[in-house]
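For reference, protein_37.txt (compact mmCIF, N, CA and C atoms):
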```txt
# COMPACT_ATOMS: atom_id res chain seq x y z
N MET A 28 0.60 22.44 -10.51
CA MET A 28 -0.64 21.69 -10.71
C MET A 28 -1.84 22.57 -10.39
N ALA A 29 -2.94 22.21 -10.97
CA ALA A 29 -4.18 22.93 -10.69
C ALA A 29 -4.60 22.71 -9.25
N GLU A 30 -5.43 23.58 -8.76
CA GLU A 30 -5.91 23.46 -7.38
C GLU A 30 -7.00 22.40 -7.27
N SER A 31 -7.00 21.69 -6.16
CA SER A 31 -7.97 20.63 -5.93
C SER A 31 -9.39 21.18 -5.84
N VAL A 32 -10.34 20.42 -6.38
CA VAL A 32 -11.75 20.81 -6.33
C VAL A 32 -12.53 19.86 -5.42
N VAL A 33 -11.82 19.10 -4.58
CA VAL A 33 -12.43 18.19 -3.61
C VAL A 33 -11.86 18.49 -2.24
N PRO A 34 -12.55 18.02 -1.18
CA PRO A 34 -12.01 18.24 0.17
C PRO A 34 -10.63 17.61 0.34
N GLY A 35 -9.78 18.29 1.09
CA GLY A 35 -8.43 17.81 1.37
C GLY A 35 -7.40 18.50 0.51
N SER A 36 -6.18 18.49 0.99
CA SER A 36 -5.09 19.14 0.25
C SER A 36 -4.12 18.14 -0.36
N GLY A 37 -4.39 16.84 -0.19
CA GLY A 37 -3.56 15.83 -0.81
C GLY A 37 -2.27 15.55 -0.06
N THR A 38 -2.27 15.79 1.24
CA THR A 38 -1.11 15.48 2.07
C THR A 38 -1.48 14.31 2.99
N PRO A 39 -0.48 13.65 3.60
CA PRO A 39 -0.81 12.54 4.51
C PRO A 39 -1.71 12.96 5.68
N THR A 40 -1.59 14.20 6.14
CA THR A 40 -2.42 14.65 7.26
C THR A 40 -3.74 15.26 6.83
N ASP A 41 -3.88 15.57 5.53
CA ASP A 41 -5.12 16.15 4.99
C ASP A 41 -5.38 15.57 3.60
N PRO A 42 -5.69 14.25 3.54
CA PRO A 42 -5.85 13.60 2.23
C PRO A 42 -7.08 14.07 1.48
N TRP A 43 -7.01 13.88 0.15
CA TRP A 43 -8.20 14.13 -0.67
C TRP A 43 -9.25 13.09 -0.30
N GLN A 44 -10.49 13.49 -0.26
CA GLN A 44 -11.63 12.59 -0.02
C GLN A 44 -12.28 12.35 -1.39
N LEU A 45 -12.12 11.16 -1.91
CA LEU A 45 -12.52 10.86 -3.28
C LEU A 45 -13.54 9.72 -3.34
N LYS A 46 -14.15 9.59 -4.51
CA LYS A 46 -15.04 8.46 -4.81
C LYS A 46 -14.53 7.81 -6.09
N THR A 47 -14.71 6.49 -6.18
CA THR A 47 -14.37 5.80 -7.41
C THR A 47 -15.28 6.33 -8.52
N PRO A 48 -14.85 6.19 -9.79
CA PRO A 48 -15.67 6.73 -10.89
C PRO A 48 -17.12 6.24 -10.88
N SER A 49 -17.35 4.99 -10.49
CA SER A 49 -18.72 4.47 -10.47
C SER A 49 -19.51 5.02 -9.29
N GLY A 50 -18.82 5.66 -8.34
CA GLY A 50 -19.48 6.20 -7.15
C GLY A 50 -19.71 5.16 -6.08
N GLY A 51 -19.24 3.94 -6.29
CA GLY A 51 -19.50 2.84 -5.37
C GLY A 51 -18.68 2.83 -4.10
N SER A 52 -17.51 3.47 -4.11
CA SER A 52 -16.64 3.45 -2.93
C SER A 52 -16.00 4.80 -2.71
N GLU A 53 -15.84 5.12 -1.44
CA GLU A 53 -15.09 6.32 -1.07
C GLU A 53 -13.70 5.89 -0.65
N TYR A 54 -12.72 6.75 -0.87
CA TYR A 54 -11.36 6.46 -0.45
C TYR A 54 -10.61 7.78 -0.26
N GLN A 55 -9.44 7.67 0.32
CA GLN A 55 -8.57 8.83 0.53
C GLN A 55 -7.31 8.65 -0.31
N ALA A 56 -6.74 9.76 -0.75
CA ALA A 56 -5.49 9.72 -1.51
C ALA A 56 -4.64 10.91 -1.13
N TRP A 57 -3.33 10.71 -1.20
CA TRP A 57 -2.40 11.80 -0.90
C TRP A 57 -1.06 11.53 -1.58
N ARG A 58 -0.33 12.63 -1.76
CA ARG A 58 1.03 12.55 -2.27
C ARG A 58 1.96 12.33 -1.08
N ASP A 59 2.93 11.44 -1.23
CA ASP A 59 3.96 11.28 -0.20
C ASP A 59 5.32 11.31 -0.89
N PRO A 60 5.87 12.52 -1.06
CA PRO A 60 7.15 12.66 -1.75
C PRO A 60 8.34 12.14 -0.94
N LEU A 61 8.13 11.82 0.34
CA LEU A 61 9.23 11.34 1.18
C LEU A 61 9.46 9.84 1.06
N LEU A 62 8.51 9.11 0.47
CA LEU A 62 8.70 7.67 0.27
C LEU A 62 9.75 7.45 -0.82
N ASP A 63 10.31 6.26 -0.85
CA ASP A 63 11.30 5.92 -1.86
C ASP A 63 10.79 4.72 -2.65
N PRO A 64 10.32 4.92 -3.88
CA PRO A 64 10.21 6.18 -4.60
C PRO A 64 9.02 7.00 -4.10
N PRO A 65 9.00 8.30 -4.42
CA PRO A 65 7.84 9.13 -4.06
C PRO A 65 6.56 8.49 -4.59
N ALA A 66 5.49 8.57 -3.80
CA ALA A 66 4.28 7.81 -4.15
C ALA A 66 3.00 8.62 -4.03
N LEU A 67 2.02 8.18 -4.81
CA LEU A 67 0.63 8.55 -4.63
C LEU A 67 0.04 7.40 -3.84
N VAL A 68 -0.48 7.68 -2.65
CA VAL A 68 -1.00 6.64 -1.77
C VAL A 68 -2.52 6.72 -1.77
N CYS A 69 -3.18 5.57 -1.89
CA CYS A 69 -4.63 5.48 -1.85
C CYS A 69 -5.03 4.54 -0.72
N GLN A 70 -5.84 5.03 0.18
CA GLN A 70 -6.33 4.23 1.31
C GLN A 70 -7.80 3.91 1.06
N VAL A 71 -8.07 2.62 0.86
CA VAL A 71 -9.42 2.15 0.56
C VAL A 71 -9.81 1.20 1.68
N GLY A 72 -10.55 1.69 2.67
CA GLY A 72 -10.83 0.88 3.85
C GLY A 72 -9.52 0.54 4.53
N ALA A 73 -9.28 -0.75 4.76
CA ALA A 73 -8.03 -1.19 5.39
C ALA A 73 -6.92 -1.43 4.38
N THR A 74 -7.21 -1.30 3.09
CA THR A 74 -6.23 -1.58 2.04
C THR A 74 -5.52 -0.31 1.60
N ARG A 75 -4.19 -0.39 1.55
CA ARG A 75 -3.38 0.74 1.09
C ARG A 75 -2.69 0.35 -0.21
N LEU A 76 -2.93 1.15 -1.24
CA LEU A 76 -2.27 0.97 -2.52
C LEU A 76 -1.35 2.16 -2.74
N SER A 77 -0.28 1.95 -3.47
CA SER A 77 0.59 3.08 -3.79
C SER A 77 1.10 2.95 -5.22
N TYR A 78 1.26 4.10 -5.84
CA TYR A 78 1.69 4.19 -7.23
C TYR A 78 2.81 5.21 -7.31
N HIS A 79 3.69 5.05 -8.31
CA HIS A 79 4.72 6.06 -8.53
C HIS A 79 4.04 7.42 -8.59
N LEU A 80 4.55 8.39 -7.84
CA LEU A 80 3.95 9.72 -7.80
C LEU A 80 3.92 10.37 -9.18
N ARG A 81 4.89 10.06 -10.00
CA ARG A 81 4.94 10.65 -11.34
C ARG A 81 3.77 10.21 -12.21
N CYS A 82 2.97 9.24 -11.75
CA CYS A 82 1.83 8.77 -12.55
C CYS A 82 0.85 9.90 -12.85
N ILE A 83 0.77 10.90 -11.98
CA ILE A 83 -0.16 12.01 -12.20
C ILE A 83 0.21 12.75 -13.48
N GLU A 84 1.45 13.19 -13.56
CA GLU A 84 1.89 13.93 -14.75
C GLU A 84 1.97 13.04 -15.98
N ASP A 85 2.44 11.79 -15.78
CA ASP A 85 2.57 10.88 -16.93
C ASP A 85 1.21 10.54 -17.53
N LEU A 86 0.21 10.28 -16.68
CA LEU A 86 -1.12 9.95 -17.18
C LEU A 86 -1.73 11.15 -17.89
N GLN A 87 -1.56 12.33 -17.34
CA GLN A 87 -2.09 13.51 -18.01
C GLN A 87 -1.43 13.69 -19.39
N ALA A 88 -0.13 13.47 -19.48
CA ALA A 88 0.57 13.60 -20.76
C ALA A 88 0.05 12.57 -21.77
N MET A 89 -0.19 11.34 -21.33
CA MET A 89 -0.73 10.31 -22.22
C MET A 89 -2.11 10.71 -22.71
N LEU A 90 -2.95 11.22 -21.81
CA LEU A 90 -4.30 11.62 -22.20
C LEU A 90 -4.26 12.77 -23.21
N LYS A 91 -3.37 13.73 -22.99
CA LYS A 91 -3.24 14.84 -23.94
C LYS A 91 -2.79 14.33 -25.30
N ALA A 92 -1.84 13.39 -25.31
CA ALA A 92 -1.34 12.84 -26.57
C ALA A 92 -2.44 12.10 -27.33
N ARG A 93 -3.29 11.38 -26.61
CA ARG A 93 -4.39 10.65 -27.26
C ARG A 93 -5.47 11.60 -27.74
N GLY A 94 -5.71 12.67 -27.00
CA GLY A 94 -6.64 13.70 -27.43
C GLY A 94 -8.10 13.32 -27.44
N ASP A 95 -8.46 12.24 -26.80
CA ASP A 95 -9.85 11.80 -26.81
C ASP A 95 -10.12 11.01 -25.53
N TRP A 96 -11.35 10.56 -25.37
CA TRP A 96 -11.72 9.74 -24.22
C TRP A 96 -10.97 8.41 -24.26
N VAL A 97 -10.51 7.96 -23.08
CA VAL A 97 -9.82 6.67 -22.94
C VAL A 97 -10.57 5.87 -21.88
N PRO A 98 -10.98 4.63 -22.19
CA PRO A 98 -11.66 3.81 -21.19
C PRO A 98 -10.75 3.54 -19.99
N LEU A 99 -11.35 3.44 -18.79
CA LEU A 99 -10.55 3.21 -17.58
C LEU A 99 -10.08 1.76 -17.49
N GLY A 100 -10.98 0.79 -17.62
CA GLY A 100 -10.60 -0.62 -17.63
C GLY A 100 -9.95 -1.14 -16.37
N SER A 101 -10.39 -0.70 -15.22
CA SER A 101 -9.78 -1.11 -13.96
C SER A 101 -9.82 -2.63 -13.77
N ALA A 102 -8.71 -3.18 -13.24
CA ALA A 102 -8.63 -4.62 -12.98
C ALA A 102 -7.63 -4.88 -11.86
N ASP A 103 -7.88 -5.93 -11.09
CA ASP A 103 -6.91 -6.37 -10.08
C ASP A 103 -5.61 -6.77 -10.77
N GLU A 104 -4.53 -6.78 -10.00
CA GLU A 104 -3.23 -7.14 -10.54
C GLU A 104 -3.23 -8.52 -11.21
N GLN A 105 -3.96 -9.47 -10.65
CA GLN A 105 -3.95 -10.83 -11.15
C GLN A 105 -4.77 -11.02 -12.43
N LYS A 106 -5.56 -10.02 -12.81
CA LYS A 106 -6.41 -10.12 -13.99
C LYS A 106 -5.82 -9.28 -15.12
N PRO A 107 -6.01 -9.71 -16.36
CA PRO A 107 -5.51 -8.91 -17.49
C PRO A 107 -6.31 -7.62 -17.64
N ALA A 108 -5.62 -6.59 -18.08
CA ALA A 108 -6.28 -5.30 -18.33
C ALA A 108 -6.70 -5.23 -19.79
N PRO A 109 -7.91 -4.75 -20.06
CA PRO A 109 -8.36 -4.62 -21.45
C PRO A 109 -7.44 -3.66 -22.24
N GLU A 110 -7.08 -4.06 -23.45
CA GLU A 110 -6.22 -3.25 -24.30
C GLU A 110 -6.81 -1.86 -24.54
N GLY A 111 -5.95 -0.87 -24.63
CA GLY A 111 -6.37 0.49 -24.93
C GLY A 111 -6.94 1.25 -23.76
N THR A 112 -6.84 0.70 -22.55
CA THR A 112 -7.42 1.34 -21.38
C THR A 112 -6.34 2.02 -20.53
N VAL A 113 -6.78 2.86 -19.62
CA VAL A 113 -5.88 3.49 -18.65
C VAL A 113 -5.17 2.40 -17.84
N GLU A 114 -5.91 1.37 -17.45
CA GLU A 114 -5.31 0.27 -16.67
C GLU A 114 -4.20 -0.41 -17.45
N ALA A 115 -4.43 -0.71 -18.72
CA ALA A 115 -3.41 -1.37 -19.53
C ALA A 115 -2.18 -0.48 -19.68
N TRP A 116 -2.39 0.81 -19.89
CA TRP A 116 -1.28 1.74 -19.99
C TRP A 116 -0.48 1.78 -18.69
N GLY A 117 -1.16 1.71 -17.55
CA GLY A 117 -0.50 1.74 -16.25
C GLY A 117 0.35 0.52 -15.95
N ARG A 118 0.29 -0.50 -16.80
CA ARG A 118 1.07 -1.73 -16.64
C ARG A 118 2.04 -1.95 -17.80
N SER A 119 1.92 -1.17 -18.83
CA SER A 119 2.61 -1.42 -20.09
C SER A 119 4.12 -1.15 -20.03
N PRO A 120 4.91 -2.00 -20.68
CA PRO A 120 6.34 -1.71 -20.79
C PRO A 120 6.61 -0.48 -21.66
N GLU A 121 5.56 0.01 -22.35
CA GLU A 121 5.69 1.20 -23.20
C GLU A 121 5.45 2.51 -22.45
N ASN A 122 5.00 2.46 -21.20
CA ASN A 122 4.76 3.71 -20.45
C ASN A 122 6.08 4.27 -19.93
N PRO A 123 6.10 5.51 -19.42
CA PRO A 123 7.35 6.13 -19.00
C PRO A 123 8.15 5.40 -17.91
N VAL A 124 7.51 4.58 -17.08
CA VAL A 124 8.28 3.82 -16.07
C VAL A 124 8.61 2.41 -16.56
N GLY A 125 8.16 2.06 -17.76
CA GLY A 125 8.51 0.77 -18.34
C GLY A 125 7.83 -0.42 -17.70
N GLY A 126 6.62 -0.22 -17.18
CA GLY A 126 5.87 -1.31 -16.55
C GLY A 126 4.90 -0.78 -15.52
N TRP A 127 4.74 -1.52 -14.46
CA TRP A 127 3.74 -1.20 -13.43
C TRP A 127 4.02 0.13 -12.73
N TYR A 128 2.99 0.98 -12.65
CA TYR A 128 3.05 2.16 -11.79
C TYR A 128 2.80 1.76 -10.34
N GLY A 129 2.06 0.66 -10.13
CA GLY A 129 1.79 0.18 -8.78
C GLY A 129 3.07 -0.27 -8.12
N LEU A 130 3.23 0.08 -6.83
CA LEU A 130 4.48 -0.17 -6.12
C LEU A 130 4.45 -1.38 -5.20
N ARG A 131 3.29 -1.83 -4.79
CA ARG A 131 3.21 -2.90 -3.79
C ARG A 131 2.72 -4.18 -4.46
N LYS A 132 3.61 -5.17 -4.56
CA LYS A 132 3.25 -6.43 -5.21
C LYS A 132 1.99 -7.00 -4.59
N GLY A 133 1.09 -7.47 -5.44
CA GLY A 133 -0.20 -7.97 -4.99
C GLY A 133 -1.27 -6.89 -4.97
N TYR A 134 -0.83 -5.62 -4.97
CA TYR A 134 -1.75 -4.47 -4.94
C TYR A 134 -1.37 -3.45 -6.01
N ARG A 135 -0.79 -3.93 -7.12
CA ARG A 135 -0.34 -3.01 -8.17
C ARG A 135 -1.44 -2.64 -9.15
N GLY A 136 -2.53 -3.38 -9.15
CA GLY A 136 -3.62 -3.12 -10.08
C GLY A 136 -4.53 -2.01 -9.60
N ARG A 137 -5.68 -1.90 -10.24
CA ARG A 137 -6.71 -0.90 -9.94
C ARG A 137 -6.23 0.53 -10.21
N PHE A 138 -5.18 0.67 -11.04
CA PHE A 138 -4.69 1.98 -11.45
C PHE A 138 -5.83 2.78 -12.09
N GLY A 139 -6.62 2.12 -12.95
CA GLY A 139 -7.73 2.77 -13.65
C GLY A 139 -8.91 3.10 -12.75
N MET A 140 -8.88 2.62 -11.52
CA MET A 140 -9.96 2.91 -10.57
C MET A 140 -9.60 4.09 -9.66
N TYR A 141 -8.37 4.09 -9.15
CA TYR A 141 -8.02 5.04 -8.09
C TYR A 141 -7.22 6.26 -8.55
N VAL A 142 -6.50 6.18 -9.66
CA VAL A 142 -5.70 7.33 -10.11
C VAL A 142 -6.54 8.36 -10.87
N PRO A 143 -7.46 7.97 -11.76
CA PRO A 143 -8.24 8.99 -12.48
C PRO A 143 -8.96 10.02 -11.60
N PRO A 144 -9.61 9.64 -10.49
CA PRO A 144 -10.24 10.68 -9.66
C PRO A 144 -9.25 11.69 -9.08
N VAL A 145 -7.99 11.27 -8.90
CA VAL A 145 -6.97 12.21 -8.43
C VAL A 145 -6.73 13.27 -9.49
N LEU A 146 -6.59 12.85 -10.75
CA LEU A 146 -6.39 13.82 -11.82
C LEU A 146 -7.59 14.76 -11.93
N GLN A 147 -8.79 14.22 -11.76
CA GLN A 147 -9.98 15.06 -11.80
C GLN A 147 -9.97 16.06 -10.64
N ALA A 148 -9.59 15.60 -9.45
CA ALA A 148 -9.55 16.49 -8.28
C ALA A 148 -8.56 17.63 -8.49
N LEU A 149 -7.49 17.36 -9.24
CA LEU A 149 -6.49 18.38 -9.51
C LEU A 149 -6.85 19.26 -10.71
N GLY A 150 -7.98 18.97 -11.33
CA GLY A 150 -8.40 19.75 -12.49
C GLY A 150 -7.63 19.41 -13.76
N LEU A 151 -6.98 18.23 -13.80
CA LEU A 151 -6.17 17.83 -14.94
C LEU A 151 -6.90 16.95 -15.94
N ALA A 152 -8.06 16.42 -15.53
CA ALA A 152 -8.79 15.50 -16.41
C ALA A 152 -10.27 15.50 -16.05
N GLU A 153 -11.07 15.06 -17.01
CA GLU A 153 -12.49 14.78 -16.79
C GLU A 153 -12.65 13.27 -16.68
N VAL A 154 -13.46 12.83 -15.74
CA VAL A 154 -13.71 11.41 -15.56
C VAL A 154 -15.21 11.20 -15.53
N GLU A 155 -15.69 10.27 -16.36
CA GLU A 155 -17.12 9.95 -16.35
C GLU A 155 -17.48 9.29 -15.03
N ALA A 156 -18.74 9.43 -14.63
CA ALA A 156 -19.23 8.86 -13.37
C ALA A 156 -20.51 8.07 -13.63
N LYS A 157 -20.36 6.97 -14.37
CA LYS A 157 -21.48 6.08 -14.65
C LYS A 157 -21.30 4.81 -13.82
N PRO A 158 -22.31 3.97 -13.71
CA PRO A 158 -22.16 2.72 -12.93
C PRO A 158 -21.03 1.81 -13.46
N ARG A 159 -20.75 1.86 -14.79
CA ARG A 159 -19.67 1.03 -15.35
C ARG A 159 -19.21 1.60 -16.68
N ASN A 160 -18.09 1.06 -17.17
CA ASN A 160 -17.52 1.45 -18.46
C ASN A 160 -17.20 2.94 -18.55
N ASN A 161 -16.58 3.47 -17.51
CA ASN A 161 -16.22 4.88 -17.49
C ASN A 161 -14.97 5.17 -18.31
N ARG A 162 -14.85 6.44 -18.70
CA ARG A 162 -13.71 6.90 -19.50
C ARG A 162 -13.18 8.18 -18.89
N MET A 163 -12.00 8.61 -19.38
CA MET A 163 -11.45 9.89 -18.95
C MET A 163 -10.74 10.54 -20.14
N ARG A 164 -10.55 11.86 -20.01
CA ARG A 164 -9.77 12.60 -21.00
C ARG A 164 -9.12 13.78 -20.31
N ALA A 165 -8.08 14.30 -20.92
CA ALA A 165 -7.39 15.46 -20.36
C ALA A 165 -8.29 16.68 -20.40
N SER A 166 -8.18 17.53 -19.41
CA SER A 166 -8.96 18.78 -19.36
C SER A 166 -8.34 19.81 -20.28
```
Would you encode the structure as structure tokens?
Amino acid sequence: MAESVVPGSGTPTDPWQLKTPSGGSEYQAWRDPLLDPPALVCQVGATRLSYHLRCIEDLQAMLKARGDWVPLGSADEQKPAPEGTVEAWGRSPENPVGGWYGLRKGYRGRFGMYVPPVLQALGLAEVEAKPRNNRMRAS
């Protein structure tokens, strides 16, 4: 993987220090390959979300295949994700894991909010940073 361009090394003891695409919230993220299954963990205040660790490579591959900007479309688990968005792909039975990348029931959503900045930090994608309606594409 490319080297991180943000503070932190992406480990549990030295997490990446990230901001949501809109810039409204700061959070920490790290890889935890020792979890079962291995996970990308995002700590947002007191809330911890986790996603299949393979989401990093899988999302980059999807973005490369699409070859253009893809809307993020972030949504809570209980809300529908707009079609054609990163969020919808992160829940789709057509993605490489055959459904939700989110691992913790009740906290499986917001894939389009917290995973794209990780790809950007790794130099794998570009993510827009506007107040709303952000998009991303493979680098």
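The residue that comes closest to A:Ala66, out of A:Leu80, A:Leu130, A:Met89, A:Leu146 and on the basis of only C-alpha atoms, is A:Leu80.
Note that atom N of A:Glu121 and atom N of A:Pro64 are 19.7 Å apart.
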Give me the residues within 6.5 Å of A:Gly50 as a list of chain:residue names, counting only N, CA and C atoms and dropping any in the same chain fewer than 2 places off. A:Lys46, A:Thr47, A:Pro48, A:Ser52, A:Glu53, A:Ala156, A:Lys157, A:Pro158
Please, could you write that set of residues out with N, CA and C atoms as a PDB file, in the frame of the given file?
```pdb
ATOM      1  N   LYS A  46     -14.150   9.590  -4.510  1.00  0.00           N
ATOM      2  CA  LYS A  46     -15.040   8.460  -4.810  1.00  0.00           C
ATOM      3  C   LYS A  46     -14.530   7.810  -6.090  1.00  0.00           C
ATOM      4  N   THR A  47     -14.710   6.490  -6.180  1.00  0.00           N
ATOM      5  CA  THR A  47     -14.370   5.800  -7.410  1.00  0.00           C
ATOM      6  C   THR A  47     -15.280   6.330  -8.520  1.00  0.00           C
ATOM      7  N   PRO A  48     -14.850   6.190  -9.790  1.00  0.00           N
ATOM      8  CA  PRO A  48     -15.670   6.730 -10.890  1.00  0.00           C
ATOM      9  C   PRO A  48     -17.120   6.240 -10.880  1.00  0.00           C
ATOM     10  N   SER A  52     -17.510   3.470  -4.110  1.00  0.00           N
ATOM     11  CA  SER A  52     -16.640   3.450  -2.930  1.00  0.00           C
ATOM     12  C   SER A  52     -16.000   4.800  -2.710  1.00  0.00           C
ATOM     13  N   GLU A  53     -15.840   5.120  -1.440  1.00  0.00           N
ATOM     14  CA  GLU A  53     -15.090   6.320  -1.070  1.00  0.00           C
ATOM     15  C   GLU A  53     -13.700   5.890  -0.650  1.00  0.00           C
ATOM     16  N   ALA A 156     -18.740   9.430 -14.630  1.00  0.00           N
ATOM     17  CA  ALA A 156     -19.230   8.860 -13.370  1.00  0.00           C
ATOM     18  C   ALA A 156     -20.510   8.070 -13.630  1.00  0.00           C
ATOM     19  N   LYS A 157     -20.360   6.970 -14.370  1.00  0.00           N
ATOM     20  CA  LYS A 157     -21.480   6.080 -14.650  1.00  0.00           C
ATOM     21  C   LYS A 157     -21.300   4.810 -13.820  1.00  0.00           C
ATOM     22  N   PRO A 158     -22.310   3.970 -13.710  1.00  0.00           N
ATOM     23  CA  PRO A 158     -22.160   2.720 -12.930  1.00  0.00           C
ATOM     24  C   PRO A 158     -21.030   1.810 -13.460  1.00  0.00           C
TER      25      PRO A 158
END
```
Using all atoms listed in the file, determine which residues lie at most 8 Å from A:Gly126, disregarding the query and same-chain residues fewer than 5 positions distant; provide the list as number ranges by chain. A: 116-121
Which residues, written as number ranges by chain, have at least one atom at most 7 Å from stretch 93-95 of chain A, with all atoms listed in the file counted and residues fewer than 4 positions away on the same chain left out? A: 88-89, 163-165
Spatial neighbours of stretch 30-45 of chain A, 6 Å, only C-alpha atoms, chain gap at least 5 places, as a list in words: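 Returned residues: Glu53, Tyr54, Gln55, Ala56, Trp57, Arg58, Ala148 and Leu149 of chain A.
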Between atom CA of A:Val113 and atom CA of A:Gly139, measure the distance and give it in Å to one decimal.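 A separation of 5.4 Å between them.
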What separation in Å, quoted to one decimal, exists between atom C of A:Asp59 and atom C of A:Arg131? 16.1 Å
Min atom-atom distance to A:Trp96 from the set A:Asn122, A:Gln147, A:Asn161, A:Ser49, counting only N, CA and C atoms, belongs to A:Asn161
From A:Asp85, A:Cys69, A:Lys91, A:Val97, residue lying nearest A:Tyr141 [only N, CA and C atoms]: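 Selected residue with least distance to A:Tyr141: A:Cys69.
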